[in-house]
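K.L.:
Data: start.csv, CSV, C-alpha atoms.
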chain,number,residue,atom,x,y,z
S,1,MET,CA,98.7,-151.4,30.0
S,2,ARG,CA,95.8,-153.5,28.8
S,3,ILE,CA,93.3,-151.8,26.5
S,4,PRO,CA,90.0,-153.6,26.4
S,5,LEU,CA,88.5,-154.7,23.2
S,6,GLY,CA,86.2,-153.1,22.2
S,7,PRO,CA,67.1,-146.7,25.3
S,8,PRO,CA,64.5,-144.6,23.8
S,9,LEU,CA,61.7,-147.0,24.2
S,10,ARG,CA,58.6,-145.1,23.1
S,11,ARG,CA,55.9,-146.6,25.3
S,12,ALA,CA,53.6,-144.8,27.8
S,13,SER,CA,54.8,-145.4,31.3
S,14,VAL,CA,54.9,-143.7,34.6
S,15,SER,CA,58.0,-144.4,36.7
S,16,ALA,CA,59.4,-142.9,39.8
S,17,LEU,CA,62.6,-143.0,41.7
S,18,ALA,CA,62.0,-141.7,45.2
S,19,LEU,CA,65.0,-140.7,47.4
S,20,ALA,CA,64.2,-139.3,50.8
S,21,ALA,CA,67.3,-138.4,52.9
S,22,VAL,CA,68.0,-137.0,56.3
S,23,TRP,CA,71.6,-137.1,57.5
S,24,ALA,CA,73.4,-136.8,60.8
S,25,PRO,CA,76.9,-135.2,61.3
S,26,GLY,CA,79.7,-137.7,61.7
S,27,ALA,CA,82.6,-139.4,59.9
S,28,ALA,CA,82.5,-140.0,56.2
S,29,ARG,CA,80.9,-143.3,55.2
S,30,ALA,CA,81.7,-145.2,52.0
S,31,THR,CA,81.2,-148.7,50.8
S,32,ALA,CA,84.2,-151.0,50.8
S,33,PRO,CA,85.3,-151.8,47.2
S,34,ALA,CA,84.7,-155.3,46.0
S,35,ALA,CA,86.9,-157.5,43.8
S,36,ALA,CA,86.9,-156.3,40.3
S,37,PRO,CA,85.6,-156.6,37.7
S,38,ALA,CA,82.4,-157.1,39.6
S,39,PRO,CA,79.6,-159.4,38.5
S,40,GLU,CA,76.4,-158.1,36.9
S,41,ALA,CA,73.0,-157.8,38.4
S,42,PRO,CA,69.6,-157.3,36.7
S,43,ARG,CA,68.6,-154.7,39.2
S,44,ILE,CA,70.5,-152.5,41.7
S,45,PRO,CA,68.2,-150.5,44.0
S,46,PHE,CA,69.4,-147.0,44.9
S,47,ALA,CA,71.4,-146.8,48.2
S,48,GLU,CA,73.7,-144.5,49.9
S,49,ARG,CA,77.3,-144.7,48.6
S,50,TYR,CA,79.0,-142.0,50.6
S,51,HIS,CA,78.1,-139.2,53.0
S,52,VAL,CA,80.0,-136.8,55.2
S,53,VAL,CA,79.4,-133.5,57.0
S,54,GLN,CA,82.3,-131.1,56.4
S,55,ARG,CA,83.1,-127.7,55.0
S,56,GLY,CA,83.2,-128.2,51.3
S,57,GLY,CA,81.0,-129.4,48.4
S,58,ILE,CA,80.6,-131.7,45.4
S,59,VAL,CA,81.7,-131.1,41.8
S,60,ARG,CA,81.6,-133.3,38.8
S,61,ALA,CA,83.0,-133.7,35.3
S,62,ALA,CA,81.0,-135.5,32.6
S,63,ASN,CA,80.7,-136.1,28.9
S,64,ALA,CA,79.0,-138.3,26.4
S,65,SER,CA,80.6,-141.3,24.6
S,66,ALA,CA,78.3,-141.5,21.6
S,67,SER,CA,76.8,-139.1,19.1
S,68,CYS,CA,75.3,-138.9,15.6
S,69,ARG,CA,77.4,-139.3,12.5
S,70,THR,CA,78.0,-136.1,10.7
S,71,THR,CA,77.4,-137.6,7.2
S,72,ALA,CA,74.0,-139.1,6.6
S,73,ASP,CA,73.2,-141.7,4.0
S,74,ASP,CA,69.5,-141.0,4.3
S,75,PRO,CA,68.6,-137.5,3.1
S,76,SER,CA,65.5,-137.6,5.3
S,77,GLU,CA,67.6,-137.9,8.4
S,78,PRO,CA,67.7,-134.8,10.6
S,79,SER,CA,70.8,-132.6,10.5
S,80,CYS,CA,73.4,-134.1,12.9
S,81,PRO,CA,75.2,-130.7,13.4
S,82,ALA,CA,71.9,-129.0,14.2
S,83,ALA,CA,71.0,-131.7,16.6
S,84,ARG,CA,74.3,-131.6,18.4
S,85,ALA,CA,74.0,-127.8,18.7
S,86,GLY,CA,70.5,-128.1,20.1
S,87,ARG,CA,68.8,-126.2,17.2
S,88,ILE,CA,66.4,-129.1,16.6
S,89,PRO,CA,64.7,-131.5,19.1
S,90,ALA,CA,66.2,-134.6,17.7
S,91,VAL,CA,66.7,-137.9,19.5
S,92,ASN,CA,69.3,-140.7,19.1
S,93,GLY,CA,66.8,-143.1,17.4
S,94,ASP,CA,66.7,-140.6,14.5
S,95,PHE,CA,70.3,-141.2,13.6
S,96,ASP,CA,73.0,-143.6,12.6
S,97,MET,CA,75.0,-143.2,15.7
S,98,SER,CA,78.7,-143.6,16.3
S,99,CYS,CA,81.3,-143.2,19.1
S,100,VAL,CA,83.0,-139.9,19.8
S,101,ASP,CA,86.8,-140.2,19.9
S,102,VAL,CA,88.9,-137.1,20.8
S,103,ASP,CA,92.2,-138.7,21.6
S,104,ASP,CA,95.0,-139.5,19.2
S,105,ASP,CA,95.3,-143.2,20.3
S,106,PRO,CA,94.3,-145.5,17.4
S,107,ARG,CA,93.7,-148.3,19.9
S,108,THR,CA,90.6,-146.6,21.4
S,109,TYR,CA,87.3,-146.6,19.6
S,110,ASN,CA,85.7,-143.9,21.9
S,111,SER,CA,87.0,-141.2,24.2
S,112,SER,CA,85.8,-137.8,25.5
S,113,ARG,CA,87.1,-135.2,27.9
S,114,ALA,CA,85.6,-133.0,30.6
S,115,GLU,CA,86.9,-130.5,33.1
S,116,LEU,CA,86.9,-131.1,36.8
S,117,ARG,CA,86.9,-127.7,38.7
S,118,LEU,CA,87.9,-127.9,42.3
S,119,PRO,CA,87.9,-124.6,44.3
S,120,GLU,CA,91.3,-123.3,45.3
S,121,GLY,CA,92.4,-124.8,48.6
S,122,SER,CA,90.3,-127.9,48.3
S,123,GLN,CA,91.2,-131.4,49.4
S,124,VAL,CA,89.4,-134.3,47.7
S,125,THR,CA,87.8,-136.7,50.2
S,126,TYR,CA,86.0,-139.0,47.8
S,127,ALA,CA,85.7,-139.5,44.0
S,128,ARG,CA,83.8,-142.1,42.0
S,129,LEU,CA,83.6,-142.6,38.2
S,130,TYR,CA,80.3,-143.8,36.7
S,131,TRP,CA,80.0,-145.0,33.1
S,132,GLY,CA,77.3,-146.7,31.1
S,133,GLY,CA,75.3,-146.9,27.9
S,134,ASN,CA,73.4,-149.1,25.5
S,135,LEU,CA,74.9,-152.3,24.1
S,136,LEU,CA,72.4,-152.8,21.4
S,137,ALA,CA,71.9,-150.4,18.5
S,138,GLY,CA,72.9,-151.2,14.9
S,139,GLU,CA,75.6,-153.4,16.4
S,140,ARG,CA,75.6,-155.6,19.5
S,141,LYS,CA,78.4,-155.0,22.0
S,142,PRO,CA,79.5,-157.9,24.3
S,143,ALA,CA,78.7,-157.3,28.0
S,144,ALA,CA,82.0,-158.7,29.1
S,145,ASP,CA,83.7,-155.3,28.9
S,146,ASN,CA,81.0,-153.3,30.8
S,147,GLY,CA,83.2,-153.2,33.9
S,148,ARG,CA,86.3,-151.8,32.2
S,149,VAL,CA,87.3,-148.3,30.9
S,150,LEU,CA,90.4,-146.3,30.4
S,151,ILE,CA,91.0,-143.1,32.3
S,152,ALA,CA,93.6,-140.4,32.0
S,153,GLU,CA,94.2,-137.6,34.5
S,154,PRO,CA,95.0,-134.1,33.3
S,155,GLY,CA,98.3,-134.4,31.4
S,156,GLY,CA,98.5,-138.1,32.1
S,157,GLN,CA,98.4,-141.4,30.2
S,158,TYR,CA,95.6,-143.9,30.1
S,159,LYS,CA,95.2,-146.4,32.9
S,160,GLU,CA,92.8,-149.3,32.9
S,161,LEU,CA,90.0,-149.0,35.5
S,162,LEU,CA,87.9,-151.9,36.6
S,163,ALA,CA,84.5,-151.6,38.3
S,164,ASP,CA,84.7,-152.2,42.0
S,165,THR,CA,81.0,-152.6,42.6
S,166,VAL,CA,78.2,-154.7,41.1
S,167,VAL,CA,77.6,-153.8,37.5
S,168,GLY,CA,74.0,-153.1,36.6
S,169,HIS,CA,72.7,-154.6,33.3
S,170,ARG,CA,69.1,-154.4,32.2
S,171,THR,CA,67.6,-155.7,28.9
S,172,GLN,CA,64.3,-154.0,28.3
S,173,GLY,CA,62.4,-154.0,25.0
S,174,ASP,CA,65.1,-153.4,22.3
S,175,ALA,CA,67.5,-151.7,24.6
S,176,ASP,CA,70.4,-153.3,26.6
S,177,ALA,CA,71.6,-150.9,29.2
S,178,PHE,CA,74.3,-151.0,31.8
S,179,GLN,CA,76.1,-148.8,34.4
S,180,ALA,CA,79.4,-149.5,36.2
S,181,SER,CA,81.5,-147.5,38.7
S,182,ALA,CA,84.8,-147.4,40.5
S,183,GLU,CA,86.2,-145.3,43.3
S,184,ILE,CA,89.3,-143.3,42.3
S,185,THR,CA,89.8,-141.0,45.3
S,186,GLY,CA,93.5,-141.4,45.3
S,187,LEU,CA,94.0,-140.6,41.6
S,188,VAL,CA,91.7,-137.5,41.8
S,189,ARG,CA,93.3,-136.3,45.0
S,190,SER,CA,96.8,-136.4,43.5
S,191,SER,CA,95.8,-135.0,40.1
S,192,GLY,CA,93.1,-132.4,40.9
S,193,SER,CA,91.5,-130.0,38.5
S,194,GLY,CA,91.7,-130.1,34.7
S,195,LEU,CA,90.6,-132.1,31.7
S,196,TRP,CA,90.0,-135.7,32.5
S,197,THR,CA,89.7,-138.2,29.6
S,198,VAL,CA,87.6,-141.4,29.7
S,199,GLY,CA,87.8,-144.0,26.9
S,200,GLN,CA,86.5,-147.4,25.9
S,201,VAL,CA,83.1,-147.0,27.5
S,202,ASN,CA,81.3,-150.1,26.2
S,203,VAL,CA,78.6,-148.5,24.0
S,204,ALA,CA,77.2,-149.6,20.6
S,205,ALA,CA,76.9,-147.7,17.4
S,206,GLY,CA,74.5,-147.8,14.4
S,207,ARG,CA,70.8,-147.2,13.8
S,208,SER,CA,67.9,-148.7,15.6
S,209,GLY,CA,64.7,-147.7,17.4
S,210,PRO,CA,66.3,-147.6,20.8
S,211,GLY,CA,69.3,-145.7,19.4
S,212,ALA,CA,72.9,-145.6,20.8
S,213,TRP,CA,73.8,-143.6,23.9
S,214,GLY,CA,76.2,-143.5,26.7
S,215,GLY,CA,78.7,-141.5,28.8
S,216,TRP,CA,80.5,-141.0,32.0
S,217,THR,CA,80.5,-138.8,35.1
S,218,LEU,CA,83.2,-138.3,37.7
S,219,VAL,CA,81.6,-137.2,41.1
S,220,THR,CA,84.1,-135.6,43.5
S,221,ALA,CA,83.5,-134.6,47.2
S,222,TYR,CA,86.0,-132.1,48.6
S,223,ARG,CA,86.8,-130.4,51.9
S,224,ASN,CA,87.5,-126.6,51.9
S,225,PRO,CA,87.8,-124.5,55.1
S,226,ALA,CA,86.5,-121.4,53.2
S,227,GLU,CA,83.1,-122.9,52.5
S,228,PRO,CA,80.0,-123.5,54.7
S,229,LEU,CA,79.5,-126.7,56.7
S,230,ARG,CA,77.5,-129.0,54.4
S,231,THR,CA,76.1,-132.5,54.2
S,232,LEU,CA,77.6,-134.2,51.2
S,233,ALA,CA,75.8,-137.3,50.0
S,234,LEU,CA,75.9,-139.6,47.1
S,235,TRP,CA,73.5,-142.4,46.2
S,236,ASP,CA,73.7,-144.8,43.3
S,237,GLY,CA,72.0,-147.8,41.8
S,238,PHE,CA,70.8,-148.9,38.4
S,239,ASP,CA,67.2,-149.7,37.4
S,240,SER,CA,64.8,-148.8,34.6
S,241,LEU,CA,62.3,-146.1,35.8
S,242,ASP,CA,59.3,-148.4,35.7
S,243,GLY,CA,58.8,-148.8,39.4
S,244,ALA,CA,59.6,-147.1,42.7
S,245,THR,CA,62.6,-147.5,44.9
S,246,GLY,CA,64.4,-145.4,47.4
S,247,VAL,CA,66.3,-144.9,50.7
S,248,ARG,CA,65.4,-143.1,53.9
S,249,LEU,CA,67.8,-141.9,56.6
S,250,ASN,CA,67.3,-139.7,59.7
S,251,GLY,CA,69.2,-136.8,61.4
S,252,LEU,CA,69.6,-133.9,59.0
S,253,ARG,CA,69.1,-130.3,60.3
S,254,ILE,CA,68.8,-127.7,57.5
S,255,PRO,CA,69.1,-124.1,58.8
S,256,ARG,CA,66.9,-121.2,57.6
S,257,ALA,CA,68.3,-119.5,54.4
S,258,ALA,CA,70.3,-122.6,53.6
S,259,GLU,CA,71.6,-123.2,50.1
S,260,GLY,CA,72.4,-126.4,48.3
S,261,ARG,CA,72.9,-128.2,45.0
S,262,ALA,CA,71.9,-131.6,43.7
S,263,GLY,CA,73.1,-133.6,40.7
S,264,LEU,CA,71.6,-136.4,38.6
S,265,VAL,CA,73.1,-139.0,36.3
S,266,ALA,CA,70.6,-140.7,34.0
S,267,TYR,CA,70.4,-142.5,30.6
S,268,ASN,CA,68.2,-142.4,27.6
S,269,GLY,CA,66.3,-139.2,28.2
S,270,ASP,CA,65.0,-137.7,24.9
S,271,ARG,CA,64.8,-134.0,24.3
S,272,GLY,CA,61.7,-132.2,23.1
S,273,GLY,CA,58.9,-133.9,24.9
S,274,THR,CA,57.4,-133.5,28.4
S,275,GLY,CA,56.8,-135.8,31.3
S,276,ASP,CA,60.2,-136.1,33.0
S,277,SER,CA,60.7,-134.3,36.3
S,278,LEU,CA,63.0,-134.2,39.3
S,279,THR,CA,61.4,-132.7,42.4
S,280,TYR,CA,62.5,-132.2,46.0
S,281,SER,CA,60.8,-131.3,49.2
S,282,VAL,CA,61.9,-130.3,52.7
S,283,ALA,CA,60.2,-131.5,55.9
S,284,GLY,CA,57.2,-132.8,54.0
S,285,ARG,CA,56.4,-129.5,52.2
S,286,THR,CA,55.0,-129.4,48.7
S,287,PRO,CA,57.6,-130.7,46.3
S,288,THR,CA,59.5,-128.2,44.2
S,289,PRO,CA,60.6,-129.0,40.6
S,290,LEU,CA,64.3,-128.7,39.8
S,291,ALA,CA,65.1,-126.9,36.6
S,292,GLY,CA,68.0,-125.1,35.0
S,293,SER,CA,68.8,-122.9,32.1
S,294,ALA,CA,68.9,-125.9,29.8
S,295,ASP,CA,66.7,-128.2,31.8
S,296,PRO,CA,62.9,-127.5,31.7
S,297,ALA,CA,61.1,-128.6,34.8
S,298,ASP,CA,58.9,-131.0,32.7
S,299,ASP,CA,61.7,-132.3,30.5
S,300,VAL,CA,64.6,-132.8,32.9
S,301,LEU,CA,65.8,-135.9,31.1
S,302,ASN,CA,66.6,-134.0,28.0
S,303,SER,CA,70.1,-135.1,27.0
S,304,THR,CA,72.1,-132.3,28.6
S,305,ILE,CA,75.3,-131.9,30.7
S,306,ASN,CA,74.6,-128.7,32.6
S,307,GLU,CA,75.4,-126.9,35.8
S,308,PRO,CA,74.6,-123.5,37.4
S,309,GLY,CA,76.9,-120.6,36.6
S,310,PRO,CA,77.6,-118.3,33.6
S,311,VAL,CA,80.4,-120.5,32.2
S,312,GLY,CA,80.2,-124.3,32.2
S,313,ALA,CA,83.1,-126.6,32.6
S,314,ARG,CA,85.0,-127.4,29.4
S,315,ARG,CA,84.2,-130.5,27.5
S,316,GLU,CA,85.6,-132.2,24.3
S,317,PRO,CA,83.3,-132.5,22.5
S,318,ALA,CA,80.9,-130.0,24.0
S,319,TYR,CA,77.6,-130.9,22.4
S,320,ASP,CA,74.5,-129.2,23.6
S,321,ASN,CA,72.4,-132.2,22.9
S,322,THR,CA,74.1,-135.4,24.1
S,323,LEU,CA,71.5,-137.6,22.5
S,324,GLY,CA,70.6,-139.8,25.4
S,325,TYR,CA,73.0,-139.0,28.3
S,326,ASP,CA,72.2,-136.6,31.2
S,327,SER,CA,74.5,-135.4,33.9
S,328,ASP,CA,73.1,-132.2,35.4
S,329,VAL,CA,73.6,-130.1,38.5
S,330,PHE,CA,70.8,-127.9,39.9
S,331,ASP,CA,70.5,-125.2,42.5
S,332,LEU,CA,68.1,-126.2,45.2
S,333,GLY,CA,66.9,-122.6,45.4
S,334,THR,CA,64.3,-121.1,47.7
S,335,ALA,CA,62.7,-124.2,49.0
S,336,LEU,CA,65.5,-124.5,51.5
S,337,ALA,CA,64.9,-121.0,52.9
S,338,GLN,CA,62.7,-122.1,55.8
S,339,GLY,CA,65.0,-124.9,56.8
S,340,GLY,CA,63.8,-128.2,58.0
S,341,ASP,CA,64.7,-131.7,59.0
S,342,GLN,CA,64.1,-133.8,55.9
S,343,LEU,CA,65.1,-133.6,52.2
S,344,ALA,CA,63.4,-135.8,49.7
S,345,PHE,CA,64.0,-136.2,45.9
S,346,GLN,CA,61.7,-137.9,43.3
S,347,LEU,CA,62.5,-138.5,39.7
S,348,VAL,CA,59.6,-139.3,37.4
S,349,SER,CA,59.6,-140.4,33.7
S,350,GLN,CA,56.2,-140.6,31.9
S,351,ARG,CA,57.4,-141.2,28.4
S,352,ASP,CA,60.8,-143.0,28.2
S,353,ALA,CA,62.2,-146.2,29.4
S,354,ALA,CA,65.0,-144.3,31.1
S,355,TRP,CA,67.6,-145.4,33.6
S,356,ALA,CA,68.8,-143.6,36.7
S,357,GLY,CA,72.4,-144.1,37.8
S,358,ALA,CA,73.4,-141.7,40.5
S,359,LEU,CA,72.2,-138.7,42.5
S,360,PHE,CA,74.2,-136.4,44.8
S,361,ALA,CA,73.5,-133.5,47.0
S,362,ALA,CA,75.5,-130.8,48.9
S,363,VAL,CA,73.3,-128.9,51.5
S,364,ASP,CA,74.1,-126.4,54.2
S,365,VAL,CA,73.6,-127.8,57.7
S,366,GLN,CA,73.7,-126.5,61.3
Mind converting the file's structure to structure tokens?

P.N.:
Amino acid sequence: MRIPLGPPLRRASVSALALAAVWAPGAARATAPAAAPAPEAPRIPFAERYHVVQRGGIVRAANASASCRTTADDPSEPSCPAARAGRIPAVNGDFDMSCVDVDDDPRTYNSSRAELRLPEGSQVTYARLYWGGNLLAGERKPAADNGRVLIAEPGGQYKELLADTVVGHRTQGDADAFQASAEITGLVRSSGSGLWTVGQVNVAAGRSGPGAWGGWTLVTAYRNPAEPLRTLALWDGFDSLDGATGVRLNGLRIPRAAEGRAGLVAYNGDRGGTGDSLTYSVAGRTPTPLAGSADPADDVLNSTINEPGPVGARREPAYDNTLGYDSDVFDLGTALAQGGDQLAFQLVSQRDAAWAGALFAAVDVQ
């Protein structure tokens, strides 16, 4: 086994990522993997990665790869434990940041775990791991390892994973951001639910204005005969939110009283301000803001890993404030009640140079 070596830009901007989607029933579609590690690109527009109509849903596991140091040399620095627990609205640029490392392998400089929870009787039909972060904080990380991480299934050992798609890499202001991804359907299908570990995400540590941030998300689509017929869709790309981009497809039929969920992966959202929103609309109706118990409608990029339900999936570490990494799942709620033939999402950031990496949706269909 080879173990690889190992941006909160505060400017006023209005940015939007518009995703309008309408699907038709049919066989699953997924892009063919490319040779890995893949080359980098300065901009990757959002595009459909996978979609299928089947009985089932989408789940995800996610965690951060960087956090604040618990011992501060500067007595004026905010409390790291209080920030991690969400008791103060701190951001990564406030701290001397470091990697989180939960494993017992001295060869890894970062690692974190998160639980993937598949309903009983499910069969995995698609799984993709996304990882990314900032290469420039107090230190400068080389971009050569952006497309490599280590992954361990529940109870398993590390395996090197190489990106099978183009790696996004954007330098903007004092931040140097990237995202990479790889399909791991076979591994997730054979290993299933439990705590997954991802290590060696190429993120920097130290103190700077942009701060250090990064993390990973494992998105998994599954088939389950006990669940409703749903459209399952996944889009990805990588670009700073300082312009508009999107995709549009045709054919979706949403029945009345439909239900659904949507998930978002994004980088460098700061907690405690306003101006970030994720909205959706059906059949051209007035957009509805998405929000959750830990995600205000006007601060959706607020450094959280959150999902509906009384008990969230396990994470190690389980910080409330991830200081720059968002991987959230939202109920689509009542806006689907009237049904329709179109579903559109729009992500807007008015205060951060944030990056969007992936968006997925699971929606009841006729």

K.L.:
So how far away is CA of Gly156 in chain S from CA of Ser191 in chain S, in Å?

P.N.:
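CA of Gly156 in chain S lies 9.0 Å from CA of Ser191 in chain S.
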
K.L.:
Rounded to one decimal place, report the CA of Gly309 in chain S-CA of Gln123 in chain S distance in Å.

P.N.:
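Between these atoms lies a distance of 22.0 Å.
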
K.L.:
Which residue is closest to Pro225 in chain S? Choose from S:Pro255, S:Ile151, S:Pro119, S:Leu161 and count all atoms listed in the file.

P.N.:
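Under the stated criterion, the closest residue is S:Pro119.
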
K.L.:
Quick one: pull the distance between CA of Gly93 in chain S and CA of Ala137 in chain S, Å, one decimal.

P.N.:
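Rounded to one decimal, the two atoms are 9.0 Å apart.
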
K.L.:
For Pro42 in chain S, which residue out of S:Phe178, S:Tyr319, S:Tyr158, S:Tyr267 is the nearest one, using all atoms listed in the file?

P.N.:
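Of all the options, S:Phe178 lies closest to Pro42 in chain S.
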
K.L.:
Let me make sure I understand: among S:Ala61, S:Leu343, S:Val300, S:Leu323, which one has the smallest atom-to-atom distance to Gly284 in chain S if we use all atoms listed in the file?

P.N.:
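The closest residue to Gly284 in chain S is S:Leu343.
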
K.L.:
Within 7 Å of range 104-110 of chain S, counting only C-alpha atoms, which residues show up once you throw out same-chain ones fewer than 6 positions away? Write them as a compact mmCIF listing (two decimals) with C-alpha atoms, keeping the file's coordinate frame, please.

P.N.:
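Writing the result to part_32.txt gives the following:
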# COMPACT_ATOMS: atom_id res chain seq x y z
CA SER S 65 80.60 -141.30 24.60
CA GLY S 199 87.80 -144.00 26.90
CA GLN S 200 86.50 -147.40 25.90
CA VAL S 201 83.10 -147.00 27.50

K.L.:
Using all atoms listed in the file, pick whichever of S:Ser190, S:Ser208, S:Gln338, S:Asn224 has the shortest atom-to-atom distance to Gly121 in chain S.

P.N.:
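Comparing S:Ser190, S:Ser208, S:Gln338, S:Asn224 against Gly121 in chain S, the winner is S:Asn224.
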
K.L.:
Between S:Thr71, S:Thr288, S:Thr231, S:Thr171, which residue has the minimum interatomic distance to Ala258 in chain S, considering all atoms listed in the file?

P.N.:
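Between S:Thr71, S:Thr288, S:Thr231, S:Thr171, the residue approaching Ala258 in chain S most closely is S:Thr231.
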
K.L.:
Considering all atoms listed in the file, give me a table of residues in range 98-138 of chain S that are at most 10 Å from range 179-189 of chain S, with the closest atom pair and distance in Å for each, as CSV.

P.N.:
residue,atom,partner,partner_atom,distance
S:Leu116,CA,S:Val188,CA,9.4
S:Ser122,CA,S:Arg189,CA,9.5
S:Gln123,CA,S:Arg189,CA,6.9
S:Val124,CA,S:Arg189,CA,5.1
S:Thr125,CA,S:Thr185,CA,6.8
S:Tyr126,CA,S:Thr185,CA,5.0
S:Ala127,CA,S:Thr185,CA,4.6
S:Arg128,CA,S:Glu183,CA,4.2
S:Leu129,CA,S:Ser181,CA,5.4
S:Tyr130,CA,S:Ser181,CA,4.4
S:Trp131,CA,S:Ala180,CA,5.5
S:Gly132,CA,S:Gln179,CA,4.1
S:Gly133,CA,S:Gln179,CA,6.8
S:Asn134,CA,S:Gln179,CA,9.3

K.L.:
Might you pull out every residue within 9 Å of Val265 in chain S, with only C-alpha atoms counted and same-chain residues fewer than 2 positions away left off, and present them as a PyMOL selection string?

P.N.:
chain S and resi 130+216-217+263+267+325-328+355-360

K.L.:
Dig up all the protein and nucleic acid residues within 7 Å of (66.9, -124.4, 50.3) in the file frame, using all atoms listed in the file, and format them as a PyMOL selection string.

P.N.:
chain S and resi 257-260+332-337+339

K.L.:
Residues within 6 Å of Ala283 in chain S, please, as a ChimeraX atom specification. Count all atoms listed in the file; anything in the same chain fewer than 4 positions from it doesn't count.

P.N.:
/S:340-342
